[in-house]
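Each remark here refers to the structure printed beneath this line.
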Amino acid sequence: MILHDDFINISIIHFYQGLLFEKTDRKSLALASFKKIDSIFNKQQFVLPETRPAFEYLLKEQKDNIDVKKELYYTRQLLKVDENLNGNFQYLSGKIHKEYDRHSLEVQQQLLSQKEARTFYILVFTATLLVISVIFGIYKLLGHRNAKREYFTLKNQLQKLEIELHSIKDSTPETKSKPQIPNEVTEHILLRLEAFEKEKGFLQKGLTQHKLASQLQTNVNYLSQVINDRKGSNFNKYLGTLRIRYITEQLHSNKVFLKYSVETLAQECGIASRKNFSDLFFDINGVRPTDLIRTLKQEYQIV
C-alpha cells in the first residue's frame, strides 16, 4: 500500500493542534482542527489510528449540542473510520482504545436515523398546516371582497328602484277627490321647497310641518298636499329622506364623518333619537349606519 506522507503528516499535525487547543480551553479552534482531519478522511479515504479520538470528540460535541443531524453524520463517520482501520491496521484493531464500540455506534445510528425521520415528518406536518391556514385565509379574504361587491351592487339596485318608484308616483294623475290648489300656489311652494333643500334647511332641529309652512309663507294643508303629490311622500318621510341622504352623501365624500358616532351623525342632520336615525337610515339605504361606516373604512383603509 502506498501512503501519501503529506496528508498523513497534515492529519497528525491537525490532531495534536486540536488536542493542544482542547487542553487550553480553546474549544472552537479544537473543533476546527478535528474537522480538518474529517475533511482529509473524506477526500483520501484513509485515517491513522492515532487520529480516531478526533472523530469521537466531534461526535461527543454534537451530542452535547443536541444537533441530531450532525450527531448522525459523525456517528456514520466513526463507523467508516473503524471499517477503514480494520482494513488497513487489523493487527492494531483490538489494541485501540475506543470510547464508542461498533455495536453501540450502530444502535445509536439507527436511533438517530429514526429521530431524524420523525423530525422530518413533524416539519412536513407543520408545513402542511401552514399551507392550509394560508389557503383558508385567502379564501376568507376573497369571500369578504365578493360580499362587499355584492353589497354595493344591491345598493345601486335599490337606488335605481327608488328612482323608478318616484318616477311612477310623479307620473300618477291626481285623484279628483283632492281639493285643487291653484297652480301659482303650487309653483310658489315648489320654488320655496327647492331653496329649502339647496340651503339644507332640513338640518334644523325640531322642525315641524307647521314651522316649515310658516317659513315658506303658506298654510299647512297646501304644504302637505304639495309634498304628497310632488315629492311622493308625507312630510315626515320627506324630511327624514332629505336628512338621511345628506348624511349618506357626507359619509361617502367626507372621511371626517366616518369618525363620528351614530349619535353625532343623528345630531348633524337634525334627528334627536339615535334609534330613529338608525331605523330610518336602514329603511332608506337597506343597511345600518354602523355597517356602512365599517365597510367604507375598510374600502378607504381607515383604522
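Residue numbering restarts at 1 for every chain of the C-alpha cells, chains are lettered A, B, ... in their displayed order, and ligands are numbered from 1 as they appear.
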Residues within 12 Å of Phe152 (chain A), only C-alpha atoms, excluding chain neighbours under 6 positions, as an MDAnalysis selection string: chainID A and resid 145:146 158:159 285:287 292 295:296 299
Write out, as a PDB file, in the first residue's frame, the residues just selected, with N, CA and C atoms.
ATOM      1  N   ARG A 145     -64.277  40.121  -0.039  1.00  0.00           N
ATOM      2  CA  ARG A 145     -64.316  41.053  -1.181  1.00  0.00           C
ATOM      3  C   ARG A 145     -65.558  40.824  -2.033  1.00  0.00           C
ATOM      4  N   ASN A 146     -65.922  39.551  -2.228  1.00  0.00           N
ATOM      5  CA  ASN A 146     -67.124  39.252  -3.017  1.00  0.00           C
ATOM      6  C   ASN A 146     -68.372  39.779  -2.310  1.00  0.00           C
ATOM      7  N   LEU A 158     -81.037  49.112  -5.364  1.00  0.00           N
ATOM      8  CA  LEU A 158     -82.056  49.744  -4.522  1.00  0.00           C
ATOM      9  C   LEU A 158     -82.254  51.208  -4.883  1.00  0.00           C
ATOM     10  N   GLN A 159     -81.150  51.901  -5.156  1.00  0.00           N
ATOM     11  CA  GLN A 159     -81.248  53.314  -5.532  1.00  0.00           C
ATOM     12  C   GLN A 159     -81.988  53.475  -6.859  1.00  0.00           C
ATOM     13  N   ASN A 285     -81.515  53.153   3.109  1.00  0.00           N
ATOM     14  CA  ASN A 285     -80.294  52.633   2.478  1.00  0.00           C
ATOM     15  C   ASN A 285     -80.196  51.110   2.467  1.00  0.00           C
ATOM     16  N   GLY A 286     -81.058  50.448   3.261  1.00  0.00           N
ATOM     17  CA  GLY A 286     -81.013  48.987   3.311  1.00  0.00           C
ATOM     18  C   GLY A 286     -79.852  48.461   4.126  1.00  0.00           C
ATOM     19  N   VAL A 287     -79.192  49.315   4.908  1.00  0.00           N
ATOM     20  CA  VAL A 287     -78.050  48.905   5.731  1.00  0.00           C
ATOM     21  C   VAL A 287     -77.981  49.834   6.932  1.00  0.00           C
ATOM     22  N   LEU A 292     -72.383  50.408   7.293  1.00  0.00           N
ATOM     23  CA  LEU A 292     -71.875  51.194   6.171  1.00  0.00           C
ATOM     24  C   LEU A 292     -70.546  51.842   6.534  1.00  0.00           C
ATOM     25  N   THR A 295     -67.826  49.256   6.412  1.00  0.00           N
ATOM     26  CA  THR A 295     -67.478  48.908   5.023  1.00  0.00           C
ATOM     27  C   THR A 295     -66.648  50.002   4.363  1.00  0.00           C
ATOM     28  N   LEU A 296     -67.061  51.260   4.556  1.00  0.00           N
ATOM     29  CA  LEU A 296     -66.332  52.378   3.944  1.00  0.00           C
ATOM     30  C   LEU A 296     -64.944  52.532   4.539  1.00  0.00           C
ATOM     31  N   GLU A 299     -62.858  50.051   2.875  1.00  0.00           N
ATOM     32  CA  GLU A 299     -62.611  50.467   1.484  1.00  0.00           C
ATOM     33  C   GLU A 299     -61.550  51.559   1.410  1.00  0.00           C
TER      34      GLU A 299
END
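Picture a line from CA of Leu193 (chain A) to CA of Lys275 (chain A); it runs 27.3 Å.
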Minimum-distance residue to Gly87 (chain A), chosen among A:Leu48, A:Ala54, A:Leu129, A:Leu123 (using only C-alpha atoms):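 Smallest separation from Gly87 (chain A) among the options: A:Leu48.
One finds CA of Tyr151 (chain A) at 28.9 Å from CA of Lys200 (chain A).
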Distance criterion (only C-alpha atoms): nearest to Glu268 (chain A) out of A:Ala147, A:Lys205, A:Ser224, A:Arg288: A:Lys205
Pick from A:Lys155, A:Arg52, A:Arg149, A:Lys297, whichever lies nearest to Val81 (chain A) using only C-alpha atoms: A:Arg52
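CA of Leu79 (chain A) to CA of Ser28 (chain A) spans 24.2 Å [interatomic distance, one decimal].
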12 Å contact set for Thr264 (chain A), only C-alpha atoms, chain neighbours under 5 positions out, as a ChimeraX atom specification: /A:247,256-259,269-274,277-278,289
